[in-house]
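To keep things clear, I will list the structure first and then write my remarks on it.
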Amino acid sequence: VMELGMSHRGEHAEIETFVGQSVDSELSGNMIDVCPVGALTSKPFRYSARTWELSRRKSVSPHDSTGANLIVQVKNHQVMRVVPFENDAVNECWIADRDRFSYEALNSAERLTQPMLKQGGQWQTVDWQTALEYVANGLKGVKDKHGAGAIGLLASPHSTVEELALAGALVRGLGSENIDSRLRHADFDNAAPAGQARWLGRPIADLSLLQRVLVVGSNLRKDHPLFAQRIRQAARKGCQVNVLNAQTQDWAMAVKNTVLAESTHWVSALAGIANAVAAETGASAPVAADVSDAARAIAKSLLGGEQKAILLGNAAAHHAKASSLLALAQWIGQQTGASVGYLTEAANTVGAQLVKALPGQGGLNAGQMLGGALKAAILLNTEPGADSAAGAAGLESADMVVTLSPFKTNLDVSDVLLPIAPFTETSGSFVNAEGRLQSFHAVVRPLGDTRPAWKVLRVLGNLLGLPGFDADSSQGVLSAALPGVADGQVVDLARLDNSSNAAIDTSPATGEPCVAAIYQLDSLVRRASSLQLTADGRAAQGANA
């Protein structure tokens, strides 16, 4: 990306942002790390501390599904800077800007530091015992009056394995199966069997070795910056990158072939590629479809090379006909020898599936819960207005809404706010896109009266008299949720399943996929001022306005 240039000559020469441009790449912060003389520095960190004053602690990014390894640098119990920790299997030596600069939100004025209750339309600060007893009594009251099926929990897939496991145990202990972490999805039938998970389909490191790839429904560079840089490495070595998308996007790499189609017609467009593959191989096409020249070119590309992948992006996962897209991708993969997988949206999308943060038999999905079907709703680490396709309006009819968040949010629909710790103030684990479990410890003490969410859920379970809430550490919760999986280990591949037997429907879909912009992905990046000042941040704010 051409962002820096030289002005003047000789001893007056200066390297600077060029021709009125700014450094605005989603990976720009890595220039700080590679600058050999220390001339390029971090503006948010600059002059705030001396390097030798900082203590260094390992952590894991809570944002996208890479699970980038981090070093969090701390002074006086405050996060001052975040830099990469090298791990060739995951992020090599790089991190995305949202991994590096989202720490600004940790010290935001919007931090919630004490429990709060809404009384007479006014928010009042209370102690933890009062707040938790209010929630426990409220849940009991709703269950007695409306039945357990009126209680539900919506959880962000950026929550930890431990938080999601206890959230599921809480809801199911009350007798409800209404729990979901697929907040932006439209096709809720596209799920792996219970306890299994949709995943990347291959190790993250293997993305650098690809010779052919088809990316379906993703703004790869913005949705998954570190996956994009691995595929960029492969493209520089000759990998043919093929795309099915709604618009042309600058991925800063050579794209061999592109099929452009409105998202409502992606199933028929992908079926066209499948038909082109069938024509080349002599196989029977899975469904009738028109075949374009671009589809034929992609088919020929996928039939060449050895290391091949079909990658379904966030827009494909959240699509109204996600099941049909996966079934077609599976058929093409079988015919071409390509792996098939999801890039997966959040830090713990895979982990959420493994610990069953999904509705059970007869349970309501996220769309139904947000549509007004609940009388008591628990919101874990999520802001439905920004995190979901349905929005928060349907929660206004609930008798009680409880928000567990590090921030003062959901004020218009909530009755209780419980301050929970962000990733820097709690221990926990994420499972990334390749199924790798990565655990981390708190790097600073909780702010104010903030408590780790797993502890809050454990105490709430105890107040409700539910079984299975006796763990005294996050490691104890993890051991029960994912037994036999060690830190840094990929879970049993038998639990990672992208297979689909769905019928393929090529009729136009309804609605656009709900996909978050790069700096609107979660509550932390939304509150990081430096990220919001970037071109991507400003563009998203303009779109939201």
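In the structure tokens, each chain is lettered A, B, ... as it comes, each chain's residues begin at 1, and ligands are numbered from 1 in order of appearance.
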
As a PDB file with N, CA and C atoms, in the first residue's frame, please: the residues near stretch 100-103 of chain A (cut-off 9 Å, only C-alpha atoms, same-chain neighbours under 4 positions excluded).
```
ATOM      1  N   GLY A  29      -0.147  -0.659  12.127  1.00  0.00           N
ATOM      2  CA  GLY A  29       0.650  -0.652  13.347  1.00  0.00           C
ATOM      3  C   GLY A  29       1.881  -1.529  13.292  1.00  0.00           C
ATOM      4  N   PRO A  44      -1.122   6.769  19.896  1.00  0.00           N
ATOM      5  CA  PRO A  44      -1.852   6.693  21.170  1.00  0.00           C
ATOM      6  C   PRO A  44      -0.949   6.437  22.380  1.00  0.00           C
ATOM      7  N   SER A  61      -5.989 -12.068  21.472  1.00  0.00           N
ATOM      8  CA  SER A  61      -6.923 -11.066  20.950  1.00  0.00           C
ATOM      9  C   SER A  61      -8.371 -11.544  21.073  1.00  0.00           C
ATOM     10  N   LEU A  70      -0.792 -11.903  21.879  1.00  0.00           N
ATOM     11  CA  LEU A  70      -0.445 -10.529  22.212  1.00  0.00           C
ATOM     12  C   LEU A  70       0.495 -10.463  23.414  1.00  0.00           C
ATOM     13  N   VAL A  79      -3.486  -0.671  31.124  1.00  0.00           N
ATOM     14  CA  VAL A  79      -2.910  -1.120  29.858  1.00  0.00           C
ATOM     15  C   VAL A  79      -2.426   0.104  29.086  1.00  0.00           C
ATOM     16  N   MET A  80      -1.143   0.080  28.720  1.00  0.00           N
ATOM     17  CA  MET A  80      -0.539   1.219  28.033  1.00  0.00           C
ATOM     18  C   MET A  80      -0.256   0.944  26.560  1.00  0.00           C
ATOM     19  N   ARG A  81      -0.006  -0.326  26.239  1.00  0.00           N
ATOM     20  CA  ARG A  81       0.351  -0.647  24.861  1.00  0.00           C
ATOM     21  C   ARG A  81       0.134  -2.141  24.625  1.00  0.00           C
ATOM     22  N   VAL A  82      -0.180  -2.492  23.374  1.00  0.00           N
ATOM     23  CA  VAL A  82      -0.335  -3.896  22.976  1.00  0.00           C
ATOM     24  C   VAL A  82       0.528  -4.148  21.746  1.00  0.00           C
ATOM     25  N   VAL A  83       1.342  -5.190  21.799  1.00  0.00           N
ATOM     26  CA  VAL A  83       2.236  -5.546  20.690  1.00  0.00           C
ATOM     27  C   VAL A  83       2.093  -7.044  20.429  1.00  0.00           C
ATOM     28  N   PRO A  84       2.579  -7.528  19.276  1.00  0.00           N
ATOM     29  CA  PRO A  84       2.413  -8.957  18.971  1.00  0.00           C
ATOM     30  C   PRO A  84       3.349  -9.854  19.755  1.00  0.00           C
ATOM     31  N   ILE A  95       0.021  -8.371  14.092  1.00  0.00           N
ATOM     32  CA  ILE A  95      -1.334  -8.226  14.620  1.00  0.00           C
ATOM     33  C   ILE A  95      -2.038  -7.141  13.819  1.00  0.00           C
ATOM     34  N   ALA A  96      -3.354  -7.208  13.789  1.00  0.00           N
ATOM     35  CA  ALA A  96      -4.143  -6.189  13.113  1.00  0.00           C
ATOM     36  C   ALA A  96      -4.254  -4.954  14.002  1.00  0.00           C
ATOM     37  N   ASN A 107     -10.090   2.078  29.032  1.00  0.00           N
ATOM     38  CA  ASN A 107     -10.060   3.237  29.923  1.00  0.00           C
ATOM     39  C   ASN A 107     -11.103   4.271  29.508  1.00  0.00           C
ATOM     40  N   THR A 424      -8.768  -8.209  29.384  1.00  0.00           N
ATOM     41  CA  THR A 424      -7.544  -7.879  30.113  1.00  0.00           C
ATOM     42  C   THR A 424      -7.700  -8.020  31.620  1.00  0.00           C
ATOM     43  N   LEU A 524     -15.497  -3.394  22.222  1.00  0.00           N
ATOM     44  CA  LEU A 524     -14.195  -2.770  22.459  1.00  0.00           C
ATOM     45  C   LEU A 524     -13.770  -1.891  21.289  1.00  0.00           C
ATOM     46  N   VAL A 525     -13.782  -2.430  20.077  1.00  0.00           N
ATOM     47  CA  VAL A 525     -13.307  -1.643  18.937  1.00  0.00           C
ATOM     48  C   VAL A 525     -14.220  -0.448  18.686  1.00  0.00           C
ATOM     49  N   ARG A 526     -15.506  -0.595  19.008  1.00  0.00           N
ATOM     50  CA  ARG A 526     -16.436   0.523  18.804  1.00  0.00           C
ATOM     51  C   ARG A 526     -16.092   1.710  19.697  1.00  0.00           C
ATOM     52  N   ARG A 527     -15.349   1.471  20.790  1.00  0.00           N
ATOM     53  CA  ARG A 527     -15.039   2.531  21.742  1.00  0.00           C
ATOM     54  C   ARG A 527     -13.567   2.927  21.729  1.00  0.00           C
ATOM     55  N   ALA A 528     -12.820   2.432  20.757  1.00  0.00           N
ATOM     56  CA  ALA A 528     -11.401   2.798  20.622  1.00  0.00           C
ATOM     57  C   ALA A 528     -11.302   4.020  19.715  1.00  0.00           C
ATOM     58  N   SER A 529     -10.992   5.169  20.287  1.00  0.00           N
ATOM     59  CA  SER A 529     -11.083   6.436  19.552  1.00  0.00           C
ATOM     60  C   SER A 529     -10.167   6.473  18.336  1.00  0.00           C
ATOM     61  N   SER A 530      -8.961   5.941  18.440  1.00  0.00           N
ATOM     62  CA  SER A 530      -8.028   5.987  17.308  1.00  0.00           C
ATOM     63  C   SER A 530      -8.541   5.166  16.130  1.00  0.00           C
ATOM     64  N   LEU A 531      -9.157   4.021  16.414  1.00  0.00           N
ATOM     65  CA  LEU A 531      -9.715   3.206  15.336  1.00  0.00           C
ATOM     66  C   LEU A 531     -10.882   3.923  14.664  1.00  0.00           C
TER      67      LEU A 531
END
```

- Give the alpha helix (DSSP H) residues of stretch 18-77 of chain A, as assigned by DSSP on the backbone, as JSON, numbers by chain. {"A": [30, 31, 32, 33, 34]}

- Using only C-alpha atoms, which residues sit within 6 Å of A:Ser427 once same-chain residues fewer than 2 positions away are excluded, as a ChimeraX atom specification? /A:440-442

- Message: I need the residues in stretch 176-268 of chain A that are strand (DSSP E or B) according to DSSP; give them as a PyMOL selection string.
- Response: chain A and resi 179-180+197+212-216+240-245+257-260

Hey, could you make a per-residue contact list for stretch 61-107 of chain A against stretch 350-359 of chain A with 12 Å as the cut-off, showing the nearest pair of atoms and its distance in Å to one decimal, counting only C-alpha atoms, sorted by chain and number, as a tab-separated table?
```
residue	atom	partner	partner_atom	distance
A:Asp64	CA	A:Val350	CA	11.3
A:Ser65	CA	A:Val350	CA	8.4
A:Thr66	CA	A:Val350	CA	11.2
A:Gly67	CA	A:Val350	CA	11.3
```

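Among the candidate residues A:Ser388, A:Thr125, A:Gln475, A:Thr130, the one lying nearest to A:Gln368 is A:Ser388, with distances computed using only C-alpha atoms.
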
- Just the residues within 8 Å of stretch 327-335 of chain A, please, counting only C-alpha atoms, with nothing from its chain fewer than 6 positions along; format it as a PyMOL selection string. chain A and resi 267+270-271+274+277+281+286+309-310+499-504

Could you please take those selected residues and save C-alpha atoms as a PDB file, in the first residue's frame?
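Saved result, out.pdb, follows:
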```pdb
ATOM      1  CA  VAL A 267     -26.660 -19.316  -4.419  1.00  0.00           C
ATOM      2  CA  LEU A 270     -22.178 -20.424  -6.826  1.00  0.00           C
ATOM      3  CA  ALA A 271     -24.342 -23.042  -8.547  1.00  0.00           C
ATOM      4  CA  ALA A 274     -20.580 -25.888  -9.621  1.00  0.00           C
ATOM      5  CA  VAL A 277     -16.921 -27.778 -12.552  1.00  0.00           C
ATOM      6  CA  THR A 281     -15.170 -33.257 -14.794  1.00  0.00           C
ATOM      7  CA  PRO A 286     -26.041 -30.644  -8.173  1.00  0.00           C
ATOM      8  CA  ALA A 309      -9.546 -24.115  -0.316  1.00  0.00           C
ATOM      9  CA  ILE A 310     -13.074 -22.762  -0.568  1.00  0.00           C
ATOM     10  CA  SER A 499     -20.624 -31.185   6.309  1.00  0.00           C
ATOM     11  CA  SER A 500     -24.111 -30.341   5.064  1.00  0.00           C
ATOM     12  CA  ASN A 501     -27.016 -32.355   3.692  1.00  0.00           C
ATOM     13  CA  ALA A 502     -29.145 -29.281   3.080  1.00  0.00           C
ATOM     14  CA  ALA A 503     -31.282 -29.017  -0.025  1.00  0.00           C
ATOM     15  CA  ILE A 504     -30.017 -26.389  -2.461  1.00  0.00           C
TER      16      ILE A 504
END
```

- Message: When you count only C-alpha atoms, which of these residues is closest to A:Gln229: A:Leu27, A:Gly461, A:Val1, A:Leu343?
- Response: A:Leu27
